[in-house]
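> Sharing a structure here in structure tokens format.
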Amino acid sequence: MLQQWSQFHYLFNPYTLYCLQEFGISQNNIEKLVAEEFVINDFLTVSDKVAQIQAKKKALIQKIIDTLPAFNEGVYEQSVYKLSAAGLSSVNIQLLVDHDITYSQLASMTYDVFLERIGRKNKKASFERIKEAYTACEKLFQLDISEKVYNFYLRQFCDQLAPRHYVTIDELCDVLSTCLALPKGEIDVPCIEQFLKKKTAENYLTYAPHFGFAKNYKTVKTILASDFNGKDILIRRMNGETLKEIGDSLGVSREWIRQKEAKMLSRLPEIEELIYYKDIFEAYNWNDEQLFSSVYDESPEVYQLLDFRLKRGNTSVLEALGELTLTDAQQSSILAYFDCYINYEQQVMSYNNKMTFFEHLMFHLGQTAVSNEEFIEVANTYIAEYQLNPSLVFTERSVLGIADRSRKNIRTKSNSFRFYDTTKIDPEEFHQLKELLDLDPGVYNMSKLFKENEALMDDLNIDSEYELHNLYKKCIEVEGVTFTRMPEFSVQTTKDNFLKNLFYELAPITIEEFLAYVEANYGLRQDSLYSLLYNDYLEFIDNNEIKVDYGEVSEEEYTLVGSLLKHDIYTVQEFITLGSEHIENFKEKFVNNHALMKLNYNLKGLFVLHHAYVSVDQYFKQLILKDELFKNSRTHHFKTHHFLTALYDLEKSLDVIKIAPDVYLTNRKLQDAGITKAELVAYRNAAVEFAKVPHFTYHYLKNEGFEHEIEDYGFDAIFYERIIWSHPQLRSLHTRKCTIFTKKQAQEFTLKDIIEWLLIQNGEQLDFEVLQNSMQNEFGIDVKKEKVIYVIQNSTLYYSKEMNTVYRSKETFYETIYSKKG
């Protein structure tokens, strides 16, 4: 570590030589050396100047050099012999020596103290001459930063340079600024340039354009090109021969060869490659000369010397990819040797695993849907271009199989597929998907679940009912649910039984009414169902109507069932369970409007509803508004589309407002508290007007200072958030802990829009931690890191794991990286 100039300045002042009188060097000799401007550092380093006079004054020079180990800063600080430089006589100096008075004590010494120390003799004149000499001496020994000082520190710094470590003049200015405690602007740059020029000419340093100056070391090549004692043994040892093998071939003992080798090695200078590659070689298992030489572009002799002198590490060279700073070419050499590549998650993967290679290609080639043919063409072109193993080539058959087995892609419409990492789906979202399948027996089109759960589909990044169908088929098993031809699935029934049961439930009914009913309640497409009816179920069709022969129902059975009906609404399944305990063939007899009309009930979708209600939605609206407070118990009834639609309409019209999860205040209760609907409307309008940004949250509004008198009622944040949500000109996105609003009337509004907008506010790139902190602190959006990264990866944005930064696009990322390298 370099010391500051103030600790070494005495080494560069000629007058310091007077201190050598402490060690018996005569004042006469010292004065001659001072006149020729020698300094202590000349003798420490045996400079050229010292070497020139050494032949003439060998004894003197050797005596000075021998004293230097005992000469240090402490001796210099205390030595009164320095006063010789100011012309103080040897008699007065000896007076101080004889009475143990040090140089530093003279600074504050008074005449009285001086008299006491020397024995009360009248030495007034001597004291005054000593003090005058001290004052003059202080001036002589003031810090003087000369060229020698510069050269001392520059040489000291360069001596410590590791092999192939380059420094620039600007960096050397920083070094001297620290050592000399000077502002960088006051450093003498020409002095540095002169030093570098001289040391480069001496071959002590080397210069490389665009890099700077580096210390020269002996290399393996130069060592082997020279003649030295034991060279033959070194070469044979580098080639892997043992001491015994060499000894046997020369007719000498193993020990004799060992001693000769040790002597030879002790005489070798520092070798650049041994120093430069030591840590790398001893950390990783470089067991192949060709691998090492290709990665570091070194000759075989370099590897051989390293292998002879150093112990190879145990760690696989593959791990160096994540631990060492390597160029792209060096990484490629290592990967090619091990037949590996770095996948889209920056993991080292083997080409032997065709599944992971397929998923890697899909990440780069299949962010949007591709057909089998499109994928095969692009993937095989890639394999050919990079001359990969022909066994990796994809065929139509292999793609079909591997795409179905992979957990990182999803099929879309027309049997195409796109990259989709199902392993990153949040367990809570999987749970929600399973809950959606809690349906009455029937055959459904996945479009029903897709359309009725828009927020969940946004969170999952599912674009269509076809993708949703394949996500279920790939990842989710629910007892009794069968995923049939895309995008249909059945719940505890077959399609044939399902249709026949509906015929009996709804007949007589026109074909058009039947098709509309099935589409509304089960999501099945009318056109394909129409074709199926006229192909396979003609026996049930008469004059464009579906008709069936109902079983005979006795008056006693009507009376019995009537006595069982205690509620205004039942699911069809609840109704069947209720009656089947008492009447045989209950379903065939009663689950149809023909029989239900006599009981004052009607079939309404998946419900049996009392005729007092026009619709199931009306029933649920009246139920929700019945009391001052409504709690959603999340029973089967309250998971249906009818209930959710009714609740949605009431919230949008501000007839109910959520105050906690699954708890709602009705408008009746609010009016009792003195809060009118007009005031609620005024509040949401004020909130939207206050937000000057296109996307915002209630948390953001409060951070920005939004206030309103309605908030004086002290409800939780969810209450005010839901009032804002009801604004007709806002679109919203629900996350775990808050709702995000947007004033933009785009068809789609997802978390991607928020991330992209935040990025644009900060330029073309944004540190991921800054992005996440902005989402959490400014907007209250608490989304897991994995979720944010997943959204980014499935968009036009780009996330760099190494840089931990989000970029506007992959092109922006590359432009940024290349501009930094340039």
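Just remember, in the structure tokens the first chain shown is A, the second B, etc., residues are 1-based per chain, and ligands are 1-based in the order shown.
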Step one, run DSSP on the backbone; step two, keep only residues of region 353-473 of chain A assigned to alpha helix (DSSP H); then write them as a PyMOL selection string.

chain A and resi 354-365+372-385+396-405+427-436+446-452+454-460+465-473

> Mind giving me the straight-line distance from CA of Phe23 (chain A) to CA of Phe114 (chain A) in Å, one decimal?

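Between these atoms lies a distance of 25.5 Å.
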
> Report the distance between CA of Val478 (chain A) and CA of Phe417 (chain A) in Å, rounded to one decimal place.

23.8 Å

> Considering only strand (DSSP E) as DSSP defines it on the backbone, what residues of region 144-366 of chain A qualify? List them as a ChimeraX atom specification.

/A:205-208,212-215,340-342,348-350

> Keeping only N, CA, C and O atoms, write those residues as an mmCIF file, in the first residue's frame.


```
data_model
loop_
_atom_site.group_PDB
_atom_site.id
_atom_site.type_symbol
_atom_site.label_atom_id
_atom_site.label_comp_id
_atom_site.auth_asym_id
_atom_site.auth_seq_id
_atom_site.Cartn_x
_atom_site.Cartn_y
_atom_site.Cartn_z
ATOM 1 N N LEU A 205 8.684 -0.900 -18.381
ATOM 2 C CA LEU A 205 7.266 -0.795 -18.703
ATOM 3 C C LEU A 205 7.056 -1.056 -20.181
ATOM 4 O O LEU A 205 7.988 -0.944 -20.988
ATOM 5 N N THR A 206 5.846 -1.396 -20.525
ATOM 6 C CA THR A 206 5.458 -1.524 -21.928
ATOM 7 C C THR A 206 4.214 -0.681 -22.155
ATOM 8 O O THR A 206 3.422 -0.467 -21.218
ATOM 9 N N TYR A 207 4.018 -0.232 -23.381
ATOM 10 C CA TYR A 207 2.875 0.638 -23.682
ATOM 11 C C TYR A 207 2.007 -0.012 -24.746
ATOM 12 O O TYR A 207 2.499 -0.567 -25.731
ATOM 13 N N ALA A 208 0.697 0.042 -24.538
ATOM 14 C CA ALA A 208 -0.265 -0.469 -25.515
ATOM 15 C C ALA A 208 -1.290 0.620 -25.794
ATOM 16 O O ALA A 208 -1.922 1.119 -24.852
ATOM 17 N N GLY A 212 -2.792 1.654 -22.117
ATOM 18 C CA GLY A 212 -1.923 2.376 -21.197
ATOM 19 C C GLY A 212 -0.612 1.668 -21.009
ATOM 20 O O GLY A 212 -0.095 1.002 -21.915
ATOM 21 N N PHE A 213 -0.065 1.779 -19.784
ATOM 22 C CA PHE A 213 1.249 1.236 -19.476
ATOM 23 C C PHE A 213 1.115 0.061 -18.520
ATOM 24 O O PHE A 213 0.295 0.072 -17.604
ATOM 25 N N ALA A 214 1.950 -0.957 -18.751
ATOM 26 C CA ALA A 214 1.947 -2.136 -17.881
ATOM 27 C C ALA A 214 3.382 -2.492 -17.538
ATOM 28 O O ALA A 214 4.323 -2.186 -18.286
ATOM 29 N N LYS A 215 3.558 -3.152 -16.406
ATOM 30 C CA LYS A 215 4.885 -3.587 -15.998
ATOM 31 C C LYS A 215 5.307 -4.797 -16.824
ATOM 32 O O LYS A 215 4.521 -5.719 -17.047
ATOM 33 N N CYS A 340 -22.320 -27.156 -24.380
ATOM 34 C CA CYS A 340 -23.351 -26.463 -23.594
ATOM 35 C C CYS A 340 -23.669 -25.100 -24.202
ATOM 36 O O CYS A 340 -23.003 -24.640 -25.124
ATOM 37 N N TYR A 341 -24.682 -24.469 -23.664
ATOM 38 C CA TYR A 341 -25.063 -23.115 -24.049
ATOM 39 C C TYR A 341 -25.642 -22.425 -22.813
ATOM 40 O O TYR A 341 -25.930 -23.080 -21.794
ATOM 41 N N ILE A 342 -25.777 -21.096 -22.884
ATOM 42 C CA ILE A 342 -26.397 -20.347 -21.791
ATOM 43 C C ILE A 342 -27.828 -20.041 -22.196
ATOM 44 O O ILE A 342 -28.063 -19.404 -23.217
ATOM 45 N N VAL A 348 -26.348 -22.362 -17.419
ATOM 46 C CA VAL A 348 -25.577 -23.202 -18.339
ATOM 47 C C VAL A 348 -26.321 -24.521 -18.521
ATOM 48 O O VAL A 348 -26.610 -25.217 -17.543
ATOM 49 N N MET A 349 -26.636 -24.846 -19.756
ATOM 50 C CA MET A 349 -27.413 -26.049 -20.053
ATOM 51 C C MET A 349 -26.678 -26.900 -21.088
ATOM 52 O O MET A 349 -25.964 -26.379 -21.944
ATOM 53 N N SER A 350 -26.879 -28.205 -20.996
ATOM 54 C CA SER A 350 -26.274 -29.129 -21.955
ATOM 55 C C SER A 350 -27.185 -29.307 -23.164
ATOM 56 O O SER A 350 -28.411 -29.403 -23.035
#
```

> Contacts of region 736-747 of chain A at 8 Å or less, counting only C-alpha atoms, minus same-chain residues fewer than 3 places along, as a ChimeraX atom specification?

/A:694-698,721,725,729-733,780-783

> Based on the selection just made, write all heavy atoms of those residues as a short mmCIF file (atom, residue, chain, number, x, y, z; two decimals), in the first residue's frame.


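Once written, part37.cif looks like this:
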```
data_model
loop_
_atom_site.label_atom_id
_atom_site.label_comp_id
_atom_site.auth_asym_id
_atom_site.auth_seq_id
_atom_site.Cartn_x
_atom_site.Cartn_y
_atom_site.Cartn_z
N PRO A 694 -51.85 9.33 -16.24
CA PRO A 694 -52.81 8.42 -16.89
C PRO A 694 -53.13 7.19 -16.05
O PRO A 694 -54.20 6.63 -16.15
CB PRO A 694 -52.11 8.02 -18.19
CG PRO A 694 -50.66 8.27 -17.95
CD PRO A 694 -50.59 9.43 -17.02
N HIS A 695 -52.19 6.76 -15.18
CA HIS A 695 -52.41 5.58 -14.35
C HIS A 695 -52.19 5.96 -12.89
O HIS A 695 -51.22 6.66 -12.56
CB HIS A 695 -51.43 4.46 -14.73
CG HIS A 695 -51.35 4.18 -16.20
ND1 HIS A 695 -52.44 3.73 -16.93
CD2 HIS A 695 -50.33 4.30 -17.08
CE1 HIS A 695 -52.06 3.58 -18.19
NE2 HIS A 695 -50.80 3.93 -18.31
N PHE A 696 -53.06 5.51 -12.00
CA PHE A 696 -52.91 5.89 -10.60
C PHE A 696 -53.60 4.88 -9.70
O PHE A 696 -54.33 3.99 -10.15
CB PHE A 696 -53.47 7.29 -10.35
CG PHE A 696 -54.96 7.42 -10.59
CD1 PHE A 696 -55.85 7.31 -9.52
CD2 PHE A 696 -55.47 7.65 -11.86
CE1 PHE A 696 -57.22 7.43 -9.73
CE2 PHE A 696 -56.83 7.78 -12.07
CZ PHE A 696 -57.72 7.66 -11.00
N THR A 697 -53.35 5.01 -8.41
CA THR A 697 -54.00 4.19 -7.39
C THR A 697 -54.46 5.11 -6.26
O THR A 697 -54.06 6.29 -6.20
CB THR A 697 -53.03 3.15 -6.79
OG1 THR A 697 -51.93 3.85 -6.19
CG2 THR A 697 -52.49 2.20 -7.86
N TYR A 698 -55.28 4.59 -5.36
CA TYR A 698 -55.70 5.38 -4.21
C TYR A 698 -54.48 5.74 -3.35
O TYR A 698 -54.37 6.86 -2.84
CB TYR A 698 -56.72 4.60 -3.37
CG TYR A 698 -57.19 5.34 -2.16
CD1 TYR A 698 -58.01 6.46 -2.27
CD2 TYR A 698 -56.80 4.94 -0.88
CE1 TYR A 698 -58.43 7.16 -1.14
CE2 TYR A 698 -57.21 5.63 0.25
CZ TYR A 698 -58.04 6.74 0.12
OH TYR A 698 -58.45 7.43 1.23
N GLU A 721 -61.43 3.39 -2.40
CA GLU A 721 -60.91 2.83 -3.65
C GLU A 721 -62.06 2.32 -4.53
O GLU A 721 -62.07 2.54 -5.74
CB GLU A 721 -59.94 1.70 -3.32
CG GLU A 721 -59.27 1.06 -4.53
CD GLU A 721 -58.35 -0.07 -4.12
OE1 GLU A 721 -58.85 -1.14 -3.70
OE2 GLU A 721 -57.13 0.12 -4.19
N TRP A 725 -63.38 3.27 -8.23
CA TRP A 725 -63.52 2.18 -9.22
C TRP A 725 -64.82 2.29 -10.00
O TRP A 725 -64.89 1.88 -11.18
CB TRP A 725 -63.43 0.84 -8.48
CG TRP A 725 -63.79 -0.35 -9.30
CD1 TRP A 725 -63.00 -1.05 -10.15
CD2 TRP A 725 -65.08 -0.98 -9.35
NE1 TRP A 725 -63.70 -2.07 -10.74
CE2 TRP A 725 -64.99 -2.06 -10.26
CE3 TRP A 725 -66.31 -0.74 -8.72
CZ2 TRP A 725 -66.06 -2.89 -10.54
CZ3 TRP A 725 -67.38 -1.58 -9.01
CH2 TRP A 725 -67.25 -2.64 -9.92
N GLN A 729 -65.61 6.29 -16.57
CA GLN A 729 -64.57 6.56 -17.55
C GLN A 729 -63.22 5.93 -17.18
O GLN A 729 -62.21 6.17 -17.84
CB GLN A 729 -64.40 8.07 -17.73
CG GLN A 729 -65.62 8.74 -18.36
CD GLN A 729 -65.44 10.24 -18.49
OE1 GLN A 729 -64.40 10.79 -18.13
NE2 GLN A 729 -66.46 10.90 -18.99
N LEU A 730 -63.22 5.13 -16.13
CA LEU A 730 -61.98 4.48 -15.72
C LEU A 730 -62.00 2.99 -16.07
O LEU A 730 -63.05 2.35 -16.01
CB LEU A 730 -61.76 4.61 -14.21
CG LEU A 730 -61.46 5.99 -13.64
CD1 LEU A 730 -61.26 5.89 -12.13
CD2 LEU A 730 -60.23 6.61 -14.29
N ARG A 731 -60.82 2.49 -16.43
CA ARG A 731 -60.63 1.05 -16.49
C ARG A 731 -59.74 0.69 -15.29
O ARG A 731 -58.99 1.51 -14.79
CB ARG A 731 -59.96 0.63 -17.81
CG ARG A 731 -60.91 0.72 -19.01
CD ARG A 731 -60.20 0.31 -20.29
NE ARG A 731 -59.71 -1.05 -20.27
CZ ARG A 731 -60.47 -2.12 -20.50
NH1 ARG A 731 -61.76 -1.98 -20.76
NH2 ARG A 731 -59.95 -3.34 -20.49
N SER A 732 -59.84 -0.55 -14.85
CA SER A 732 -59.11 -0.91 -13.64
C SER A 732 -58.44 -2.27 -13.77
O SER A 732 -58.81 -3.10 -14.60
CB SER A 732 -60.05 -0.91 -12.43
OG SER A 732 -61.10 -1.83 -12.64
N LEU A 733 -57.44 -2.45 -12.92
CA LEU A 733 -56.69 -3.71 -12.86
C LEU A 733 -56.50 -4.03 -11.39
O LEU A 733 -55.97 -3.22 -10.62
CB LEU A 733 -55.34 -3.56 -13.56
CG LEU A 733 -54.39 -4.76 -13.48
CD1 LEU A 733 -54.97 -5.95 -14.24
CD2 LEU A 733 -53.02 -4.39 -14.07
N GLY A 780 -48.22 1.84 -4.19
CA GLY A 780 -48.76 0.79 -3.33
C GLY A 780 -49.01 -0.50 -4.06
O GLY A 780 -49.78 -1.36 -3.58
N ILE A 781 -48.36 -0.69 -5.21
CA ILE A 781 -48.54 -1.92 -6.00
C ILE A 781 -47.54 -2.95 -5.50
O ILE A 781 -46.34 -2.82 -5.73
CB ILE A 781 -48.33 -1.66 -7.50
CG1 ILE A 781 -49.29 -0.56 -7.98
CG2 ILE A 781 -48.52 -2.92 -8.31
CD1 ILE A 781 -49.00 -0.08 -9.39
N ASP A 782 -48.02 -3.95 -4.79
CA ASP A 782 -47.15 -4.97 -4.20
C ASP A 782 -47.24 -6.24 -5.04
O ASP A 782 -48.15 -7.04 -4.88
CB ASP A 782 -47.57 -5.24 -2.75
CG ASP A 782 -46.63 -6.21 -2.06
OD1 ASP A 782 -45.53 -6.43 -2.58
OD2 ASP A 782 -47.01 -6.76 -1.00
N VAL A 783 -46.30 -6.39 -5.95
CA VAL A 783 -46.27 -7.56 -6.83
C VAL A 783 -44.91 -8.23 -6.68
O VAL A 783 -43.87 -7.57 -6.63
CB VAL A 783 -46.48 -7.14 -8.31
CG1 VAL A 783 -46.53 -8.38 -9.21
CG2 VAL A 783 -47.78 -6.35 -8.44
#
```

> Counting only C-alpha atoms, what are the residues of region 299-395 of chain A within 12 Å of region 239-263 of chain A, and for each of them which pair of atoms is the nearest and at what distance in Å, to one decimal? Sort the table by chain and rising number, as CSV.


```
residue,atom,partner,partner_atom,distance
A:Pro300,CA,A:Asn239,CA,10.0
A:Glu301,CA,A:Asn239,CA,8.7
A:Val302,CA,A:Asn239,CA,11.2
A:Tyr303,CA,A:Asn239,CA,10.1
A:Gln304,CA,A:Asn239,CA,6.5
A:Leu305,CA,A:Asn239,CA,8.6
A:Leu306,CA,A:Asn239,CA,11.1
A:Asp307,CA,A:Gly240,CA,8.6
A:Phe308,CA,A:Gly240,CA,7.3
A:Arg309,CA,A:Gly240,CA,11.1
```

> Can you pull out the residues contacting Ala86 (chain A)? Cut-off 7 Å, using only C-alpha atoms, and skip same-chain residues under 3 positions away; I want them as a list in words.

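Here the qualifying residues turn out to be Leu83, Ala133, Ala136 and Cys137 of chain A.
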
> I need the residues from that last selection saved to file as a compact mmCIF listing (two decimals), in the first residue's frame (with C-alpha atoms), if you can.


```
# COMPACT_ATOMS: atom_id res chain seq x y z
CA LEU A 83 21.74 21.30 12.47
CA ALA A 133 20.41 27.09 13.46
CA ALA A 136 17.27 27.93 9.55
CA CYS A 137 17.13 24.15 9.56
```

> Write out as a PyMOL selection string each polymer residue whose atoms come within 7 Å of region 699-706 of chain A, counting only C-alpha atoms; drop sequence neighbours fewer than 4 positions from it.

chain A and resi 691+778-780

> Would you kindly return, as number ranges by chain, each protein, DNA or RNA residue with an atom no farther than 12 Å from any atom of region 534-539 of chain A, considering only C-alpha atoms and excluding same-chain residues fewer than 4 positions away?

A: 495-497, 499-500, 503, 511, 527-530, 543-549

> Could you save the residues just selected, with N, CA, C and O atoms, as a PDB file, in the first residue's frame?


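out_18.pdb, written as the output of this step:
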```pdb
ATOM      1  N   LYS A 495     -71.025 -35.483 -23.172  1.00  0.00           N
ATOM      2  CA  LYS A 495     -71.764 -34.508 -23.979  1.00  0.00           C
ATOM      3  C   LYS A 495     -73.134 -35.054 -24.371  1.00  0.00           C
ATOM      4  O   LYS A 495     -74.130 -34.305 -24.401  1.00  0.00           O
ATOM      5  N   ASP A 496     -73.206 -36.336 -24.626  1.00  0.00           N
ATOM      6  CA  ASP A 496     -74.484 -36.930 -25.009  1.00  0.00           C
ATOM      7  C   ASP A 496     -75.485 -36.827 -23.862  1.00  0.00           C
ATOM      8  O   ASP A 496     -76.627 -36.385 -24.047  1.00  0.00           O
ATOM      9  N   ASN A 497     -75.075 -37.242 -22.656  1.00  0.00           N
ATOM     10  CA  ASN A 497     -75.962 -37.154 -21.496  1.00  0.00           C
ATOM     11  C   ASN A 497     -76.336 -35.711 -21.188  1.00  0.00           C
ATOM     12  O   ASN A 497     -77.476 -35.411 -20.823  1.00  0.00           O
ATOM     13  N   LEU A 499     -76.602 -33.101 -23.262  1.00  0.00           N
ATOM     14  CA  LEU A 499     -77.588 -32.561 -24.199  1.00  0.00           C
ATOM     15  C   LEU A 499     -78.963 -33.174 -23.968  1.00  0.00           C
ATOM     16  O   LEU A 499     -79.981 -32.462 -23.972  1.00  0.00           O
ATOM     17  N   LYS A 500     -78.996 -34.477 -23.750  1.00  0.00           N
ATOM     18  CA  LYS A 500     -80.296 -35.125 -23.544  1.00  0.00           C
ATOM     19  C   LYS A 500     -80.957 -34.610 -22.264  1.00  0.00           C
ATOM     20  O   LYS A 500     -82.176 -34.405 -22.225  1.00  0.00           O
ATOM     21  N   PHE A 503     -82.426 -31.331 -23.057  1.00  0.00           N
ATOM     22  CA  PHE A 503     -83.667 -31.480 -23.847  1.00  0.00           C
ATOM     23  C   PHE A 503     -84.851 -31.663 -22.899  1.00  0.00           C
ATOM     24  O   PHE A 503     -85.894 -31.005 -23.051  1.00  0.00           O
ATOM     25  N   ILE A 511     -85.188 -24.370 -31.596  1.00  0.00           N
ATOM     26  CA  ILE A 511     -83.746 -24.593 -31.774  1.00  0.00           C
ATOM     27  C   ILE A 511     -82.985 -23.317 -31.442  1.00  0.00           C
ATOM     28  O   ILE A 511     -81.956 -23.349 -30.754  1.00  0.00           O
ATOM     29  N   ASP A 527     -72.992 -22.274 -33.676  1.00  0.00           N
ATOM     30  CA  ASP A 527     -72.867 -22.859 -35.008  1.00  0.00           C
ATOM     31  C   ASP A 527     -72.482 -24.331 -34.957  1.00  0.00           C
ATOM     32  O   ASP A 527     -73.070 -25.181 -35.651  1.00  0.00           O
ATOM     33  N   SER A 528     -71.492 -24.670 -34.125  1.00  0.00           N
ATOM     34  CA  SER A 528     -71.074 -26.075 -34.059  1.00  0.00           C
ATOM     35  C   SER A 528     -72.133 -26.923 -33.372  1.00  0.00           C
ATOM     36  O   SER A 528     -72.363 -28.083 -33.757  1.00  0.00           O
ATOM     37  N   LEU A 529     -72.849 -26.368 -32.379  1.00  0.00           N
ATOM     38  CA  LEU A 529     -73.897 -27.124 -31.698  1.00  0.00           C
ATOM     39  C   LEU A 529     -75.088 -27.351 -32.635  1.00  0.00           C
ATOM     40  O   LEU A 529     -75.719 -28.428 -32.621  1.00  0.00           O
ATOM     41  N   TYR A 530     -75.386 -26.375 -33.473  1.00  0.00           N
ATOM     42  CA  TYR A 530     -76.470 -26.510 -34.458  1.00  0.00           C
ATOM     43  C   TYR A 530     -76.203 -27.707 -35.377  1.00  0.00           C
ATOM     44  O   TYR A 530     -77.087 -28.543 -35.626  1.00  0.00           O
ATOM     45  N   ASN A 543     -90.207 -29.863 -36.354  1.00  0.00           N
ATOM     46  CA  ASN A 543     -90.640 -28.553 -36.842  1.00  0.00           C
ATOM     47  C   ASN A 543     -89.888 -27.421 -36.138  1.00  0.00           C
ATOM     48  O   ASN A 543     -90.474 -26.506 -35.570  1.00  0.00           O
ATOM     49  N   ASN A 544     -88.539 -27.539 -36.141  1.00  0.00           N
ATOM     50  CA  ASN A 544     -87.635 -26.526 -35.582  1.00  0.00           C
ATOM     51  C   ASN A 544     -87.790 -26.355 -34.061  1.00  0.00           C
ATOM     52  O   ASN A 544     -87.429 -25.340 -33.496  1.00  0.00           O
ATOM     53  N   GLU A 545     -88.323 -27.387 -33.420  1.00  0.00           N
ATOM     54  CA  GLU A 545     -88.437 -27.365 -31.968  1.00  0.00           C
ATOM     55  C   GLU A 545     -87.869 -28.647 -31.384  1.00  0.00           C
ATOM     56  O   GLU A 545     -87.888 -29.693 -32.025  1.00  0.00           O
ATOM     57  N   ILE A 546     -87.326 -28.504 -30.173  1.00  0.00           N
ATOM     58  CA  ILE A 546     -86.898 -29.687 -29.438  1.00  0.00           C
ATOM     59  C   ILE A 546     -88.057 -30.127 -28.563  1.00  0.00           C
ATOM     60  O   ILE A 546     -88.593 -29.339 -27.773  1.00  0.00           O
ATOM     61  N   LYS A 547     -88.424 -31.385 -28.755  1.00  0.00           N
ATOM     62  CA  LYS A 547     -89.556 -31.942 -27.998  1.00  0.00           C
ATOM     63  C   LYS A 547     -89.168 -33.281 -27.405  1.00  0.00           C
ATOM     64  O   LYS A 547     -88.369 -34.015 -27.983  1.00  0.00           O
ATOM     65  N   VAL A 548     -89.732 -33.566 -26.250  1.00  0.00           N
ATOM     66  CA  VAL A 548     -89.487 -34.860 -25.610  1.00  0.00           C
ATOM     67  C   VAL A 548     -90.799 -35.358 -25.013  1.00  0.00           C
ATOM     68  O   VAL A 548     -91.753 -34.590 -24.831  1.00  0.00           O
ATOM     69  N   ASP A 549     -90.825 -36.634 -24.709  1.00  0.00           N
ATOM     70  CA  ASP A 549     -91.983 -37.222 -24.024  1.00  0.00           C
ATOM     71  C   ASP A 549     -91.659 -37.273 -22.534  1.00  0.00           C
ATOM     72  O   ASP A 549     -90.752 -37.992 -22.102  1.00  0.00           O
TER      73      ASP A 549
END
```

> Could you tell me how far CA of Asn585 (chain A) lies from CA of Glu557 (chain A), in Å and to one decimal?

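For CA of Asn585 (chain A) relative to CA of Glu557 (chain A), the distance reads 11.5 Å.
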
> Just want the 9 Å neighbourhood of Lys413 (chain A), counted on only C-alpha atoms, with same-chain residues fewer than 2 positions away dropped. Output as a list of chain:residue names.

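So the residues in contact are A:Ala369, A:Arg411, A:Asn415, A:Ser416, A:Phe417, A:Ser464, A:Glu465, A:Tyr466, A:Glu467, A:Met486.
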
> With only C-alpha atoms as the atoms that count, which of A:Tyr276, A:Tyr351, A:Phe749, A:Phe228 lies nearest to Arg164 (chain A)?

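Closest to Arg164 (chain A), using only C-alpha atoms: A:Tyr276.
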